[in-house]
file model-v6.tsv (TSV, C-alpha atoms and all ligand atoms)
chain	number	residue	atom	x	y	z
A	1396	MET	CA	-44.17	53.24	25.43
A	1397	GLU	CA	-40.73	52.70	23.87
A	1398	HIS	CA	-37.78	53.04	26.27
A	1399	SER	CA	-35.57	56.10	25.90
A	1400	LYS	CA	-31.77	55.87	25.94
A	1401	GLN	CA	-31.75	57.23	29.50
A	1402	GLU	CA	-33.97	54.37	30.64
A	1403	LEU	CA	-31.62	51.71	29.34
A	1404	GLY	CA	-28.98	51.97	32.07
A	1405	LYS	CA	-30.12	48.72	33.69
A	1406	VAL	CA	-29.74	46.91	30.36
A	1407	ASP	CA	-26.05	47.85	30.34
A	1408	GLN	CA	-25.66	46.89	34.00
A	1409	ILE	CA	-27.24	43.48	33.51
A	1410	SER	CA	-25.30	42.77	30.34
A	1411	ASP	CA	-22.04	43.89	32.00
A	1412	SER	CA	-22.74	41.64	34.97
A	1413	TYR	CA	-22.48	38.69	32.54
A	1414	ASP	CA	-19.32	40.19	30.96
A	1415	ASN	CA	-21.41	40.75	27.80
A	1416	ASN	CA	-21.13	37.02	27.19
A	1417	LYS	CA	-23.10	35.92	24.12
A	1418	GLU	CA	-23.59	32.48	25.66
A	1419	ALA	CA	-25.62	34.09	28.45
A	1420	LEU	CA	-28.08	35.73	26.05
A	1421	ILE	CA	-31.21	34.00	27.37
A	1422	GLN	CA	-30.34	34.66	31.02
A	1423	ILE	CA	-29.52	38.28	30.21
A	1424	LEU	CA	-32.87	38.69	28.43
A	1425	LEU	CA	-34.69	37.06	31.35
A	1426	ASP	CA	-33.04	39.41	33.85
A	1427	ILE	CA	-33.80	42.41	31.67
A	1428	GLN	CA	-37.42	41.39	31.28
A	1429	ASN	CA	-37.70	40.95	35.05
A	1430	GLU	CA	-36.53	44.54	35.39
A	1431	TYR	CA	-38.57	46.18	32.60
A	1432	ARG	CA	-41.45	43.63	32.33
A	1433	TRP	CA	-41.08	43.51	28.53
A	1434	LEU	CA	-38.44	43.77	25.80
A	1435	SER	CA	-38.90	46.92	23.76
A	1436	ARG	CA	-37.21	47.48	20.40
A	1437	ALA	CA	-34.79	49.88	22.14
A	1438	ILE	CA	-33.87	47.19	24.67
A	1439	VAL	CA	-33.35	44.49	22.05
A	1440	THR	CA	-31.23	46.89	19.98
A	1441	ARG	CA	-29.09	47.72	23.02
A	1442	VAL	CA	-28.57	44.04	23.84
A	1443	SER	CA	-27.64	43.42	20.21
A	1444	GLU	CA	-25.00	46.18	20.40
A	1445	LYS	CA	-23.65	45.07	23.79
A	1446	LEU	CA	-23.29	41.39	22.91
A	1447	GLY	CA	-22.50	41.74	19.21
A	1448	ILE	CA	-25.45	39.51	18.29
A	1449	THR	CA	-27.74	40.28	15.35
A	1450	LEU	CA	-31.23	41.65	16.00
A	1451	ASN	CA	-32.56	38.79	13.92
A	1452	HIS	CA	-31.02	36.20	16.25
A	1453	ILE	CA	-32.38	37.92	19.34
A	1454	TYR	CA	-35.87	38.14	17.83
A	1455	ASN	CA	-35.70	34.44	16.92
A	1456	ILE	CA	-35.03	33.67	20.59
A	1457	THR	CA	-37.61	36.06	21.99
A	1458	THR	CA	-40.38	34.82	19.70
A	1459	PHE	CA	-39.53	31.14	20.26
A	1460	TYR	CA	-39.86	31.28	24.06
A	1461	LYS	CA	-43.37	32.19	25.16
A	1462	HIS	CA	-42.02	33.68	28.38
A	1463	PHE	CA	-40.61	36.71	26.56
A	1464	SER	CA	-42.86	39.63	25.78
A	1465	LEU	CA	-42.21	42.09	22.98
A	1466	LEU	CA	-45.27	44.10	24.00
A	1467	PRO	CA	-45.66	46.26	27.10
A	1468	LYS	CA	-46.75	44.37	30.21
A	1469	GLY	CA	-48.60	45.79	33.18
A	1470	ARG	CA	-47.34	45.81	36.75
A	1471	HIS	CA	-49.98	43.18	37.50
A	1472	THR	CA	-51.09	40.24	35.40
A	1473	ILE	CA	-54.73	39.20	35.56
A	1474	THR	CA	-55.36	35.67	34.36
A	1475	VAL	CA	-58.91	34.50	33.79
A	1476	CYS	CA	-59.36	30.75	33.54
A	1477	LEU	CA	-61.50	29.64	30.60
A	1478	GLY	CA	-61.08	25.90	31.17
A	1479	THR	CA	-64.13	23.63	31.08
A	1480	ALA	CA	-64.82	23.63	34.82
A	1481	CYS	CA	-64.63	27.43	34.96
A	1482	HIS	CA	-66.44	27.86	31.65
A	1483	VAL	CA	-69.55	26.06	32.89
A	1484	ARG	CA	-69.53	28.30	35.96
A	1485	GLY	CA	-69.58	31.55	34.02
A	1486	ALA	CA	-65.95	32.27	33.16
A	1487	VAL	CA	-66.89	33.99	29.90
A	1488	ASN	CA	-69.10	36.49	31.74
A	1489	LEU	CA	-66.31	37.01	34.22
A	1490	LEU	CA	-63.81	37.70	31.44
A	1491	ASP	CA	-66.26	40.18	29.86
A	1492	ARG	CA	-66.58	41.95	33.21
A	1493	VAL	CA	-62.80	42.13	33.72
A	1494	SER	CA	-62.40	43.40	30.16
A	1495	ASP	CA	-65.06	46.08	30.74
A	1496	CYS	CA	-63.41	47.19	33.99
A	1497	LEU	CA	-59.98	47.47	32.39
A	1498	GLY	CA	-61.00	48.65	28.93
A	1499	VAL	CA	-58.74	46.04	27.30
A	1500	GLY	CA	-59.17	42.56	25.87
A	1501	PRO	CA	-57.15	39.40	26.47
A	1502	GLU	CA	-53.42	39.69	25.76
A	1503	GLN	CA	-53.62	43.47	26.09
A	1504	THR	CA	-52.29	45.95	28.64
A	1505	THR	CA	-54.01	49.00	30.06
A	1506	ALA	CA	-52.73	52.38	28.85
A	1507	ASP	CA	-51.37	53.18	32.34
A	1508	GLU	CA	-49.43	49.87	32.25
A	1509	LYS	CA	-51.05	48.81	35.51
A	1510	PHE	CA	-52.71	45.58	34.32
A	1511	SER	CA	-52.19	43.02	31.59
A	1512	LEU	CA	-55.04	40.63	30.89
A	1513	SER	CA	-54.60	37.05	29.79
A	1514	THR	CA	-56.55	33.81	29.70
A	1515	VAL	CA	-55.55	30.25	30.46
A	1516	ASN	CA	-57.09	26.79	30.11
A	1517	CYS	CA	-56.68	25.72	33.73
A	1518	LEU	CA	-55.18	27.23	36.85
A	1519	GLY	CA	-55.22	23.90	38.68
A	1520	CYS	CA	-57.99	24.71	41.14
A	1521	CYS	CA	-61.08	23.73	39.16
A	1522	ALA	CA	-63.21	23.04	42.27
A	1523	ILE	CA	-63.35	26.74	43.09
A	1524	GLY	CA	-64.16	27.98	39.57
A	1525	PRO	CA	-64.60	30.37	38.05
A	1526	VAL	CA	-61.07	31.37	38.97
A	1527	VAL	CA	-59.19	34.58	38.39
A	1528	ALA	CA	-55.56	35.11	39.36
A	1529	VAL	CA	-53.97	38.48	39.91
A	1530	ASP	CA	-50.23	37.85	39.92
A	1531	LYS	CA	-49.90	35.01	42.46
A	1532	ASP	CA	-53.22	35.67	44.26
A	1533	TYR	CA	-56.02	33.29	43.33
A	1534	TYR	CA	-59.70	34.24	43.63
A	1535	GLY	CA	-62.25	31.43	43.44
A	1536	LYS	CA	-66.01	31.45	42.86
A	1537	VAL	CA	-65.69	35.03	41.73
A	1538	ALA	CA	-68.96	36.78	40.99
A	1539	PRO	CA	-68.53	39.21	38.08
A	1540	VAL	CA	-69.92	42.07	40.22
A	1541	LYS	CA	-67.04	41.59	42.68
A	1542	ILE	CA	-64.26	41.98	40.16
A	1543	LYS	CA	-64.00	45.76	40.45
A	1544	GLU	CA	-63.47	45.39	44.19
A	1545	VAL	CA	-60.70	42.83	43.62
A	1546	LEU	CA	-58.91	45.06	41.12
A	1547	LYS	CA	-59.12	48.08	43.43
A	1548	SER	CA	-56.88	46.36	45.95
A	1549	TYR	CA	-53.89	46.53	43.57
A	1550	ASP	CA	-51.71	49.64	43.22
A	1601	LIG	S1	-60.67	24.82	34.64
A	1601	LIG	FE1	-60.43	26.68	35.70
A	1601	LIG	S2	-59.04	26.16	37.30
A	1601	LIG	FE2	-59.21	24.35	36.15
call {"tool": "encode", "arguments": {"input": "model-v6.tsv", "output": "C-alpha cells", "more": "lines below"}}
Ligand code: FES
result
Amino acid sequence: MEHSKQELGKVDQISDSYDNNKEALIQILLDIQNEYRWLSRAIVTRVSEKLGITLNHIYNITTFYKHFSLLPKGRHTITVCLGTACHVRGAVNLLDRVSDCLGVGPEQTTADEKFSLSTVNCLGCCAIGPVVAVDKDYYGKVAPVKIKEVLKSYD
C-alpha cells in the first residue's frame, strides 16, 4: 500500500504551492493527507526532501497531532460510538457486527481501502443510541442486522 514515485506528483504540487516553505509544514501535511488520506513513508520522505526538513522532525509532528495518519485510511470512515448511553443500548454488539461485515477491527482499514473503522466515546447524539457514523452521515438506533444494508450504500 506504499505510494510509488509516480503517485507522488501531488505531493510536489502541494509543496510547490507553498513555495516549499518549511514554516508551512503542518498545512502542507494537512493538504497532502486530504489528497491521499494518509501519509505513507514515501510521502513523508518526499516532503522531507522538498522542504529540507529531517524525517525525524516530520515524524515528531505527525505522531503528535492525532489528525495525521501514518497508516492507510479507507475512502469512508465508520465510527461506532461506545459511550455509556450507546453502550447500554448494545453498542458492543453493533461494533462486533460492523467488524464482522468488514473483516477488520477498530483502528483498521479494509484491504480494498474502502472503509476504516474507529470508535469514539460520544458522537453528541446520545438520545438516538446506539449511533454509528459513516463519514458525516449519522445513523441512530441502529439494529446490528441493519448494518450490512447501511454499508452497501457506500461506494
Ligand atoms: S454516548 Fe453515543 S452518542 Fe453519546
call {"tool": "axis_aligned_box", "arguments": {"input": "model-v6.tsv", "around": "ligand LIG 1601 (chain A)", "padding_each_side": "3 Å", "output": "AutoDock Vina command-line options"}}
result
--center_x -59.9 --center_y 25.5 --center_z 36.0 --size_x 7.6 --size_y 8.3 --size_z 8.7
call {"tool": "residues_near_ligand", "arguments": {"input": "model-v6.tsv", "ligand": "ligand LIG 1601 (chain A)", "cutoff": "12 Å", "atoms": "all atoms listed in the file", "output": "PyMOL selection string"}}
result
chain A and resi 1474-1487+1489+1514-1528+1533-1537
call {"tool": "closest_residue", "arguments": {"input": "model-v6.tsv", "among": "A:Lys1445, A:Lys1400, A:His1471, A:Arg1432", "to": "Lys1509 (chain A)", "atoms": "all atoms listed in the file"}}
result
A:His1471
call {"tool": "atom_distance", "arguments": {"input": "model-v6.tsv", "atom1": "CA of Gln1428 (chain A)", "atom2": "CA of Asp1495 (chain A)"}}
result
28.0 Å
call {"tool": "closest_residue", "arguments": {"input": "model-v6.tsv", "among": "A:Ile1456, A:Ile1421, A:Ala1506, A:Ile1473", "to": "Val1545 (chain A)", "atoms": "all atoms listed in the file"}}
result
A:Ile1473
call {"tool": "closest_residue", "arguments": {"input": "model-v6.tsv", "among": "A:Gln1503, A:Ile1542, A:Thr1457, A:Asn1451", "to": "Leu1490 (chain A)", "atoms": "only C-alpha atoms"}}
result
A:Ile1542
call {"tool": "atom_distance", "arguments": {"input": "model-v6.tsv", "atom1": "CA of Ser1412 (chain A)", "atom2": "CA of Arg1470 (chain A)"}}
result
25.0 Å
call {"tool": "closest_residue", "arguments": {"input": "model-v6.tsv", "among": "A:Pro1539, A:Lys1468, A:Glu1444, A:Asp1491", "to": "Asp1507 (chain A)", "atoms": "all atoms listed in the file"}}
result
A:Lys1468
call {"tool": "atom_distance", "arguments": {"input": "model-v6.tsv", "atom1": "CA of Asp1550 (chain A)", "atom2": "CA of Ser1513 (chain A)"}}
result
18.6 Å
call {"tool": "residues_around", "arguments": {"input": "model-v6.tsv", "residues": "Ile1423 (chain A)", "least_positions_apart": "2", "cutoff": "8 Å", "atoms": "only C-alpha atoms", "output": "list in words"}}
result
Ile1409, Ser1410, Tyr1413, Ala1419, Leu1420, Ile1421, Leu1425, Asp1426 and Ile1427 of chain A
call {"tool": "closest_residue", "arguments": {"input": "model-v6.tsv", "among": "A:Val1529, A:Cys1496, A:Leu1466, A:Ile1448", "to": "Ser1548 (chain A)", "atoms": "only C-alpha atoms"}}
result
A:Val1529
call {"tool": "closest_residue", "arguments": {"input": "model-v6.tsv", "among": "A:Ser1494, A:Thr1472, A:Asn1415, A:Gln1408", "to": "Phe1510 (chain A)", "atoms": "all atoms listed in the file"}}
result
A:Thr1472
